[in-house]
file protein-v9.cif (mmCIF, C-alpha atoms; chains and numbers go by the auth columns)
data_coords
#
loop_
_atom_site.group_PDB
_atom_site.id
_atom_site.type_symbol
_atom_site.label_atom_id
_atom_site.label_comp_id
_atom_site.label_asym_id
_atom_site.label_seq_id
_atom_site.Cartn_x
_atom_site.Cartn_y
_atom_site.Cartn_z
_atom_site.B_iso_or_equiv
_atom_site.auth_seq_id
_atom_site.auth_asym_id
ATOM 1 C CA LYS A 1 40.967 111.581 -8.819 0.00 374 A
ATOM 2 C CA LYS A 2 40.917 113.095 -5.332 0.00 375 A
ATOM 3 C CA ALA A 3 42.715 110.014 -4.018 0.00 376 A
ATOM 4 C CA LYS A 4 45.419 110.572 -6.674 0.00 377 A
ATOM 5 C CA TYR A 5 44.885 107.133 -8.182 0.00 378 A
ATOM 6 C CA VAL A 6 44.554 108.762 -11.593 0.00 379 A
ATOM 7 C CA ASP A 7 47.220 110.826 -13.290 0.00 380 A
ATOM 8 C CA GLN A 8 45.531 114.181 -13.867 0.00 381 A
ATOM 9 C CA ASN A 9 47.792 114.857 -16.829 0.00 382 A
ATOM 10 C CA LYS A 10 46.689 111.790 -18.766 0.00 383 A
ATOM 11 C CA LEU A 11 43.461 111.123 -20.599 0.00 384 A
ATOM 12 C CA THR A 12 41.871 108.370 -18.499 0.00 385 A
ATOM 13 C CA SER A 13 38.436 106.822 -18.804 0.00 386 A
ATOM 14 C CA LEU A 14 36.787 105.902 -15.494 0.00 387 A
ATOM 15 C CA GLU A 15 33.664 103.767 -15.684 0.00 388 A
ATOM 16 C CA HIS A 16 31.450 102.033 -13.136 0.00 389 A
ATOM 17 C CA VAL A 17 30.781 98.405 -14.104 0.00 390 A
ATOM 18 C CA PRO A 18 28.496 95.889 -12.366 0.00 391 A
ATOM 19 C CA PHE A 19 29.779 92.631 -10.892 0.00 392 A
ATOM 20 C CA GLY A 20 28.006 89.423 -9.950 0.00 393 A
ATOM 21 C CA LEU A 21 28.293 87.509 -6.673 0.00 394 A
ATOM 22 C CA VAL A 22 30.824 84.826 -5.772 0.00 395 A
ATOM 23 C CA GLN A 23 28.854 81.923 -4.295 0.00 396 A
ATOM 24 C CA GLY A 24 29.608 78.816 -2.268 0.00 397 A
ATOM 25 C CA ASP A 25 28.455 75.302 -3.185 0.00 398 A
ATOM 26 C CA ASP A 26 25.099 76.043 -1.552 0.00 399 A
ATOM 27 C CA GLY A 27 24.442 78.894 -3.944 0.00 400 A
ATOM 28 C CA LYS A 28 24.705 81.483 -1.181 0.00 401 A
ATOM 29 C CA LYS A 29 27.293 84.201 -0.758 0.00 402 A
ATOM 30 C CA PHE A 30 30.761 82.650 -0.448 0.00 403 A
ATOM 31 C CA ALA A 31 31.699 82.447 3.236 0.00 404 A
ATOM 32 C CA THR A 32 33.349 80.250 5.857 0.00 405 A
ATOM 33 C CA ARG A 33 31.356 77.505 7.584 0.00 406 A
ATOM 34 C CA SER A 34 30.710 79.878 10.447 0.00 407 A
ATOM 35 C CA GLY A 35 29.313 82.457 8.042 0.00 408 A
ATOM 36 C CA ASP A 36 32.281 84.831 8.179 0.00 409 A
ATOM 37 C CA THR A 37 33.722 86.517 5.114 0.00 410 A
ATOM 38 C CA VAL A 38 36.564 84.494 3.577 0.00 411 A
ATOM 39 C CA ARG A 39 39.851 86.390 3.748 0.00 412 A
ATOM 40 C CA LEU A 40 41.568 86.744 0.376 0.00 413 A
ATOM 41 C CA ARG A 41 44.924 85.762 1.878 0.00 414 A
ATOM 42 C CA ASP A 42 43.508 82.498 3.213 0.00 415 A
ATOM 43 C CA LEU A 43 41.818 81.781 -0.099 0.00 416 A
ATOM 44 C CA LEU A 44 45.032 82.305 -2.080 0.00 417 A
ATOM 45 C CA ASP A 45 47.157 80.333 0.405 0.00 418 A
ATOM 46 C CA GLU A 46 44.806 77.369 0.063 0.00 419 A
ATOM 47 C CA ALA A 47 44.950 77.542 -3.745 0.00 420 A
ATOM 48 C CA VAL A 48 48.762 77.524 -3.607 0.00 421 A
ATOM 49 C CA ARG A 49 48.765 74.607 -1.146 0.00 422 A
ATOM 50 C CA ILE A 50 46.459 72.517 -3.339 0.00 423 A
ATOM 51 C CA SER A 51 48.481 73.386 -6.429 0.00 424 A
ATOM 52 C CA LYS A 52 51.749 72.276 -4.802 0.00 425 A
ATOM 53 C CA GLN A 53 50.242 69.037 -3.518 0.00 426 A
ATOM 54 C CA ASP A 54 48.858 68.276 -6.976 0.00 427 A
ATOM 55 C CA MET A 55 52.305 68.771 -8.516 0.00 428 A
ATOM 56 C CA LEU A 56 53.899 66.483 -5.920 0.00 429 A
ATOM 57 C CA ASP A 57 51.221 63.816 -6.437 0.00 430 A
ATOM 58 C CA ARG A 58 51.618 63.794 -10.221 0.00 431 A
ATOM 59 C CA SER A 59 55.415 63.622 -10.373 0.00 432 A
ATOM 60 C CA SER A 60 58.239 62.364 -8.183 0.00 433 A
ATOM 61 C CA ASN A 61 60.715 64.413 -10.227 0.00 434 A
ATOM 62 C CA VAL A 62 59.787 67.876 -8.940 0.00 435 A
ATOM 63 C CA ASN A 63 62.544 70.490 -9.035 0.00 436 A
ATOM 64 C CA GLU A 64 63.519 72.975 -6.357 0.00 437 A
ATOM 65 C CA ASP A 65 61.289 75.661 -7.879 0.00 438 A
ATOM 66 C CA VAL A 66 58.132 73.810 -6.848 0.00 439 A
ATOM 67 C CA ASP A 67 57.126 76.463 -4.294 0.00 440 A
ATOM 68 C CA SER A 68 57.460 79.389 -6.709 0.00 441 A
ATOM 69 C CA VAL A 69 55.715 77.483 -9.510 0.00 442 A
ATOM 70 C CA ALA A 70 52.907 76.393 -7.161 0.00 443 A
ATOM 71 C CA LYS A 71 52.416 80.049 -6.199 0.00 444 A
ATOM 72 C CA ILE A 72 52.167 81.102 -9.850 0.00 445 A
ATOM 73 C CA VAL A 73 49.725 78.297 -10.672 0.00 446 A
ATOM 74 C CA GLY A 74 47.597 78.669 -7.518 0.00 447 A
ATOM 75 C CA ILE A 75 47.210 82.438 -7.564 0.00 448 A
ATOM 76 C CA GLY A 76 46.891 82.451 -11.339 0.00 449 A
ATOM 77 C CA ALA A 77 44.091 79.898 -11.114 0.00 450 A
ATOM 78 C CA VAL A 78 42.059 82.094 -8.752 0.00 451 A
ATOM 79 C CA LYS A 79 42.570 85.179 -10.920 0.00 452 A
ATOM 80 C CA TYR A 80 41.701 83.348 -14.112 0.00 453 A
ATOM 81 C CA ALA A 81 38.619 81.692 -12.635 0.00 454 A
ATOM 82 C CA ASP A 82 37.259 85.092 -11.651 0.00 455 A
ATOM 83 C CA LEU A 83 38.146 86.857 -14.899 0.00 456 A
ATOM 84 C CA SER A 84 36.942 84.034 -17.156 0.00 457 A
ATOM 85 C CA MET A 85 33.359 84.525 -15.976 0.00 458 A
ATOM 86 C CA ASN A 86 31.064 87.190 -17.333 0.00 459 A
ATOM 87 C CA ARG A 87 31.573 89.833 -14.654 0.00 460 A
ATOM 88 C CA GLU A 88 27.830 90.429 -14.337 0.00 461 A
ATOM 89 C CA SER A 89 27.050 86.778 -13.606 0.00 462 A
ATOM 90 C CA ASN A 90 27.128 84.966 -10.267 0.00 463 A
ATOM 91 C CA TYR A 91 29.438 81.963 -10.074 0.00 464 A
ATOM 92 C CA LYS A 92 30.224 79.188 -7.601 0.00 465 A
ATOM 93 C CA PHE A 93 33.719 79.194 -6.158 0.00 466 A
ATOM 94 C CA SER A 94 35.431 75.810 -6.599 0.00 467 A
ATOM 95 C CA TYR A 95 39.098 74.988 -6.073 0.00 468 A
ATOM 96 C CA GLU A 96 38.642 71.728 -7.976 0.00 469 A
ATOM 97 C CA ARG A 97 37.273 73.463 -11.055 0.00 470 A
ATOM 98 C CA MET A 98 39.722 76.384 -11.115 0.00 471 A
ATOM 99 C CA LEU A 99 42.785 74.138 -10.626 0.00 472 A
ATOM 100 C CA SER A 100 41.667 71.568 -13.203 0.00 473 A
ATOM 101 C CA LEU A 101 44.012 70.734 -16.073 0.00 474 A
ATOM 102 C CA ASN A 102 41.004 70.453 -18.373 0.00 475 A
ATOM 103 C CA GLY A 103 38.774 73.218 -19.649 0.00 476 A
ATOM 104 C CA ASN A 104 39.074 76.989 -19.623 0.00 477 A
ATOM 105 C CA THR A 105 41.407 77.314 -16.611 0.00 478 A
ATOM 106 C CA ALA A 106 44.771 78.881 -15.826 0.00 479 A
ATOM 107 C CA PRO A 107 46.526 75.495 -15.348 0.00 480 A
ATOM 108 C CA TYR A 108 45.285 74.402 -18.791 0.00 481 A
ATOM 109 C CA MET A 109 46.709 77.582 -20.362 0.00 482 A
ATOM 110 C CA LEU A 110 49.992 77.279 -18.465 0.00 483 A
ATOM 111 C CA TYR A 111 50.447 73.680 -19.583 0.00 484 A
ATOM 112 C CA ALA A 112 49.614 74.649 -23.165 0.00 485 A
ATOM 113 C CA TYR A 113 52.313 77.337 -22.989 0.00 486 A
ATOM 114 C CA VAL A 114 54.838 74.910 -21.462 0.00 487 A
ATOM 115 C CA ARG A 115 54.080 72.365 -24.182 0.00 488 A
ATOM 116 C CA ILE A 116 54.772 74.880 -26.940 0.00 489 A
ATOM 117 C CA CYS A 117 58.007 75.987 -25.254 0.00 490 A
ATOM 118 C CA GLY A 118 59.064 72.343 -25.136 0.00 491 A
ATOM 119 C CA ILE A 119 58.425 71.920 -28.867 0.00 492 A
ATOM 120 C CA ILE A 120 60.594 74.934 -29.670 0.00 493 A
ATOM 121 C CA ARG A 121 63.329 73.852 -27.251 0.00 494 A
ATOM 122 C CA LYS A 122 63.404 70.461 -28.958 0.00 495 A
ATOM 123 C CA ALA A 123 64.114 72.259 -32.219 0.00 496 A
ATOM 124 C CA GLY A 124 67.304 73.636 -30.680 0.00 497 A
ATOM 125 C CA ASN A 125 66.134 76.967 -29.287 0.00 498 A
ATOM 126 C CA GLU A 126 67.039 76.283 -25.661 0.00 499 A
ATOM 127 C CA ASP A 127 66.438 79.826 -24.421 0.00 500 A
ATOM 128 C CA ILE A 128 62.902 80.140 -25.784 0.00 501 A
ATOM 129 C CA ALA A 129 60.147 81.803 -23.836 0.00 502 A
ATOM 130 C CA THR A 130 61.585 82.591 -20.452 0.00 503 A
ATOM 131 C CA ILE A 131 59.226 83.921 -17.789 0.00 504 A
ATOM 132 C CA ASP A 132 60.172 87.561 -18.385 0.00 505 A
ATOM 133 C CA GLY A 133 59.676 87.239 -22.130 0.00 506 A
ATOM 134 C CA ASN A 134 63.337 87.853 -23.005 0.00 507 A
ATOM 135 C CA ASN A 135 63.735 84.983 -25.399 0.00 508 A
ATOM 136 C CA ASN A 136 65.820 83.652 -28.230 0.00 509 A
ATOM 137 C CA ASN A 137 63.017 82.965 -30.663 0.00 510 A
ATOM 138 C CA PRO A 138 63.232 81.032 -33.921 0.00 511 A
ATOM 139 C CA GLU A 139 63.985 83.216 -36.902 0.00 512 A
ATOM 140 C CA PRO A 140 60.786 84.448 -38.601 0.00 513 A
ATOM 141 C CA SER A 141 60.023 82.545 -41.769 0.00 514 A
ATOM 142 C CA ASN A 142 57.607 82.509 -44.648 0.00 515 A
ATOM 143 C CA ILE A 143 54.382 80.848 -43.527 0.00 516 A
ATOM 144 C CA ILE A 144 53.371 77.763 -45.491 0.00 517 A
ATOM 145 C CA LEU A 145 49.804 76.607 -44.947 0.00 518 A
ATOM 146 C CA LYS A 146 49.232 73.029 -46.118 0.00 519 A
ATOM 147 C CA GLU A 147 46.781 71.598 -43.583 0.00 520 A
ATOM 148 C CA GLU A 148 43.331 72.830 -42.549 0.00 521 A
ATOM 149 C CA SER A 149 44.397 72.921 -38.885 0.00 522 A
ATOM 150 C CA GLU A 150 47.217 75.334 -39.782 0.00 523 A
ATOM 151 C CA ILE A 151 44.779 77.621 -41.568 0.00 524 A
ATOM 152 C CA GLN A 152 42.348 77.585 -38.631 0.00 525 A
ATOM 153 C CA LEU A 153 45.131 78.439 -36.174 0.00 526 A
ATOM 154 C CA VAL A 154 46.357 81.362 -38.280 0.00 527 A
ATOM 155 C CA ARG A 155 42.828 82.686 -38.755 0.00 528 A
ATOM 156 C CA ASN A 156 42.425 82.701 -35.000 0.00 529 A
ATOM 157 C CA LEU A 157 45.804 84.310 -34.252 0.00 530 A
ATOM 158 C CA VAL A 158 45.175 87.269 -36.555 0.00 531 A
ATOM 159 C CA LYS A 159 41.993 88.113 -34.610 0.00 532 A
ATOM 160 C CA LEU A 160 44.070 89.256 -31.604 0.00 533 A
ATOM 161 C CA PRO A 161 43.937 93.040 -32.318 0.00 534 A
ATOM 162 C CA ASP A 162 40.162 92.899 -32.703 0.00 535 A
ATOM 163 C CA ILE A 163 39.777 90.929 -29.454 0.00 536 A
ATOM 164 C CA LEU A 164 41.911 93.450 -27.558 0.00 537 A
ATOM 165 C CA ALA A 165 39.947 96.374 -28.979 0.00 538 A
ATOM 166 C CA GLU A 166 36.655 94.699 -28.067 0.00 539 A
ATOM 167 C CA VAL A 167 37.742 94.058 -24.466 0.00 540 A
ATOM 168 C CA GLU A 168 38.986 97.623 -24.104 0.00 541 A
ATOM 169 C CA ARG A 169 35.665 98.934 -25.391 0.00 542 A
ATOM 170 C CA ASP A 170 33.270 96.630 -23.536 0.00 543 A
ATOM 171 C CA LEU A 171 35.310 95.854 -20.368 0.00 544 A
ATOM 172 C CA TYR A 172 34.577 92.120 -20.327 0.00 545 A
ATOM 173 C CA PRO A 173 37.894 90.344 -19.616 0.00 546 A
ATOM 174 C CA ASN A 174 36.214 86.947 -19.987 0.00 547 A
ATOM 175 C CA LYS A 175 36.451 87.516 -23.739 0.00 548 A
ATOM 176 C CA LEU A 176 40.244 87.383 -23.405 0.00 549 A
ATOM 177 C CA CYS A 177 39.916 84.063 -21.588 0.00 550 A
ATOM 178 C CA ASP A 178 37.548 82.679 -24.229 0.00 551 A
ATOM 179 C CA TYR A 179 40.025 83.668 -26.947 0.00 552 A
ATOM 180 C CA LEU A 180 42.903 82.107 -25.001 0.00 553 A
ATOM 181 C CA PHE A 181 41.016 78.834 -24.644 0.00 554 A
ATOM 182 C CA GLU A 182 40.111 78.773 -28.325 0.00 555 A
ATOM 183 C CA THR A 183 43.714 79.499 -29.290 0.00 556 A
ATOM 184 C CA SER A 184 45.017 76.668 -27.112 0.00 557 A
ATOM 185 C CA GLN A 185 42.480 74.212 -28.515 0.00 558 A
ATOM 186 C CA LEU A 186 43.281 75.153 -32.114 0.00 559 A
ATOM 187 C CA PHE A 187 46.993 74.792 -31.405 0.00 560 A
ATOM 188 C CA ASN A 188 46.402 71.300 -30.026 0.00 561 A
ATOM 189 C CA LYS A 189 44.583 70.348 -33.233 0.00 562 A
ATOM 190 C CA PHE A 190 47.418 71.837 -35.274 0.00 563 A
ATOM 191 C CA TYR A 191 50.027 69.866 -33.322 0.00 564 A
ATOM 192 C CA GLU A 192 48.060 66.623 -33.644 0.00 565 A
ATOM 193 C CA ASN A 193 47.838 66.959 -37.427 0.00 566 A
ATOM 194 C CA CYS A 194 51.077 68.730 -38.319 0.00 567 A
ATOM 195 C CA SER A 195 54.540 67.451 -37.473 0.00 568 A
ATOM 196 C CA VAL A 196 56.771 70.348 -36.440 0.00 569 A
ATOM 197 C CA ASN A 197 60.304 69.125 -35.794 0.00 570 A
ATOM 198 C CA ASN A 198 59.885 66.214 -38.223 0.00 571 A
ATOM 199 C CA ALA A 199 58.244 68.218 -40.999 0.00 572 A
ATOM 200 C CA GLU A 200 58.828 67.106 -44.589 0.00 573 A
ATOM 201 C CA THR A 201 61.083 70.061 -45.444 0.00 574 A
ATOM 202 C CA GLU A 202 63.184 72.599 -43.555 0.00 575 A
ATOM 203 C CA GLU A 203 60.992 75.374 -44.933 0.00 576 A
ATOM 204 C CA LEU A 204 57.861 73.736 -43.556 0.00 577 A
ATOM 205 C CA LYS A 205 59.571 73.108 -40.213 0.00 578 A
ATOM 206 C CA ALA A 206 60.557 76.788 -39.996 0.00 579 A
ATOM 207 C CA SER A 207 56.998 77.827 -40.872 0.00 580 A
ATOM 208 C CA ARG A 208 55.474 75.628 -38.188 0.00 581 A
ATOM 209 C CA LEU A 209 58.021 76.744 -35.598 0.00 582 A
ATOM 210 C CA SER A 210 57.000 80.325 -36.376 0.00 583 A
ATOM 211 C CA LEU A 211 53.360 79.388 -35.715 0.00 584 A
ATOM 212 C CA CYS A 212 54.444 77.812 -32.412 0.00 585 A
ATOM 213 C CA ASN A 213 56.318 80.963 -31.467 0.00 586 A
ATOM 214 C CA VAL A 214 53.440 83.302 -32.331 0.00 587 A
ATOM 215 C CA THR A 215 51.019 81.121 -30.375 0.00 588 A
ATOM 216 C CA ALA A 216 53.318 81.073 -27.323 0.00 589 A
ATOM 217 C CA SER A 217 53.767 84.848 -27.543 0.00 590 A
ATOM 218 C CA THR A 218 49.994 85.326 -27.774 0.00 591 A
ATOM 219 C CA ILE A 219 49.353 83.173 -24.713 0.00 592 A
ATOM 220 C CA ARG A 220 52.096 84.960 -22.757 0.00 593 A
ATOM 221 C CA LEU A 221 50.781 88.404 -23.724 0.00 594 A
ATOM 222 C CA LEU A 222 47.178 87.658 -22.760 0.00 595 A
ATOM 223 C CA MET A 223 48.091 85.938 -19.502 0.00 596 A
ATOM 224 C CA THR A 224 50.204 88.991 -18.646 0.00 597 A
ATOM 225 C CA LEU A 225 47.262 91.287 -19.411 0.00 598 A
ATOM 226 C CA LEU A 226 45.197 89.166 -17.016 0.00 599 A
ATOM 227 C CA GLY A 227 47.866 89.634 -14.347 0.00 600 A
ATOM 228 C CA ILE A 228 49.080 86.016 -14.500 0.00 601 A
ATOM 229 C CA GLN A 229 52.684 84.898 -14.848 0.00 602 A
ATOM 230 C CA VAL A 230 53.679 82.071 -17.157 0.00 603 A
ATOM 231 C CA VAL A 231 56.372 79.440 -16.644 0.00 604 A
ATOM 232 C CA ASP A 232 58.332 77.645 -19.358 0.00 605 A
ATOM 233 C CA GLN A 233 58.510 74.362 -17.442 0.00 606 A
ATOM 234 C CA LEU A 234 56.156 72.561 -15.051 0.00 607 A
#
call {"tool": "encode", "arguments": {"input": "protein-v9.cif", "output": "structure tokens"}}
result
Amino acid sequence: KKAKYVDQNKLTSLEHVPFGLVQGDDGKKFATRSGDTVRLRDLLDEAVRISKQDMLDRSSNVNEDVDSVAKIVGIGAVKYADLSMNRESNYKFSYERMLSLNGNTAPYMLYAYVRICGIIRKAGNEDIATIDGNNNNPEPSNIILKEESEIQLVRNLVKLPDILAEVERDLYPNKLCDYLFETSQLFNKFYENCSVNNAETEELKASRLSLCNVTASTIRLLMTLLGIQVVDQL
């Protein structure tokens, strides 16, 4: 309060919370080979470099936005890796793990978001889910639940208010990451079992597009709360 970081005119809760230690592969405090403290700038620059190289290695058709996208993915991966751990636990720092396209990582979430945006674009909504969230979403529709995977996805999506309240109360952001990962996995199951753009009826297609839109909006909201940008194409 003396440093003026807190608005004196607003009701603000300030709490001390414990944090674990970031470790190297040897299980000791994360440091350079010479034992010096790793500078955050160097750490983030390396994550961005690896992210860009990975994108170039996986595709020869990389657009001119590769540098900006690599920055979003690389920095987002470091943030997510830190926030996805229980803040009281020690964890080993690993570029390979945090930049993996599999598991509870930022790249996995970003690709899940991009995939959903692609599904909606294919349905004719070309302006869906831009980075700033100003989008031309499908019209809301009545939800029709025919398959078990649809029901499971909806049951998970409606838990969002409770998850947010729990994180605000307990101050464990890893619970947001766990919920994000579960949401992405349930969406994948839904997409594997339920045709969206080739649904049996227009009503069912509209229902499933609405589920796609809500899922994309949920991922975008939670990534934003974690301080991570999303992209609609990778």
call {"tool": "atom_distance", "arguments": {"input": "protein-v9.cif", "atom1": "CA of Gln558 in chain A", "atom2": "CA of Gly476 in chain A"}}
result
9.7 Å
call {"tool": "residues_around", "arguments": {"input": "protein-v9.cif", "residues": "Asn561 in chain A", "least_positions_apart": "2", "cutoff": "10 Å", "atoms": "all atoms listed in the file", "output": "list in words"}}
result
Ala485, Arg488, Ile489, Ser522, Leu526, Glu555, Thr556, Ser557, Gln558, Leu559, Phe563, Tyr564, Glu565, Asn566 and Cys567 of chain A
call {"tool": "closest_residue", "arguments": {"input": "protein-v9.cif", "among": "A:Val439, A:Asn463, A:Asp430, A:Gln602", "to": "Gly400 in chain A", "atoms": "all atoms listed in the file"}}
result
A:Asn463
call {"tool": "resolve_selection", "arguments": {"input": "protein-v9.cif", "expression": "the PyMOL selection byres ((chain A and resi 459) around 12)", "output": "PyMOL selection string"}}
result
chain A and resi 390-395+453-458+460-464+540+543-551
call {"tool": "resolve_selection", "arguments": {"input": "protein-v9.cif", "expression": "the PyMOL selection byres ((chain A and resi 585) around 10)", "output": "list of chain:residue names"}}
result
A:Tyr486, A:Arg488, A:Ile489, A:Cys490, A:Ile492, A:Ile493, A:Pro511, A:Phe560, A:Phe563, A:Tyr564, A:Val569, A:Ala579, A:Ser580, A:Arg581, A:Leu582, A:Ser583, A:Leu584, A:Asn586, A:Val587, A:Thr588, A:Ala589, A:Ser590, A:Thr591
call {"tool": "atom_distance", "arguments": {"input": "protein-v9.cif", "atom1": "CA of Met596 in chain A", "atom2": "CA of Ile448 in chain A"}}
result
12.5 Å
call {"tool": "resolve_selection", "arguments": {"input": "protein-v9.cif", "expression": "the PyMOL selection byres ((chain A and resi 576) around 12)", "output": "ChimeraX atom specification"}}
result
/A:512-518,569-575,577-583
call {"tool": "atom_distance", "arguments": {"input": "protein-v9.cif", "atom1": "CA of Asp398 in chain A", "atom2": "CA of Val411 in chain A"}}
result
14.0 Å
call {"tool": "residues_around", "arguments": {"input": "protein-v9.cif", "residues": "Ala420 in chain A", "least_positions_apart": "5", "cutoff": "9 Å", "atoms": "only C-alpha atoms", "output": "short mmCIF file (atom, residue, chain, number, x, y, z; two decimals) with C-alpha atoms, in the coordinates of the input"}}
result
data_model
loop_
_atom_site.label_atom_id
_atom_site.label_comp_id
_atom_site.auth_asym_id
_atom_site.auth_seq_id
_atom_site.Cartn_x
_atom_site.Cartn_y
_atom_site.Cartn_z
CA ASP A 415 43.51 82.50 3.21
CA LYS A 425 51.75 72.28 -4.80
CA ALA A 443 52.91 76.39 -7.16
CA LYS A 444 52.42 80.05 -6.20
CA VAL A 446 49.72 78.30 -10.67
CA GLY A 447 47.60 78.67 -7.52
CA ILE A 448 47.21 82.44 -7.56
CA ALA A 450 44.09 79.90 -11.11
CA VAL A 451 42.06 82.09 -8.75
CA TYR A 468 39.10 74.99 -6.07
CA LEU A 472 42.78 74.14 -10.63
#
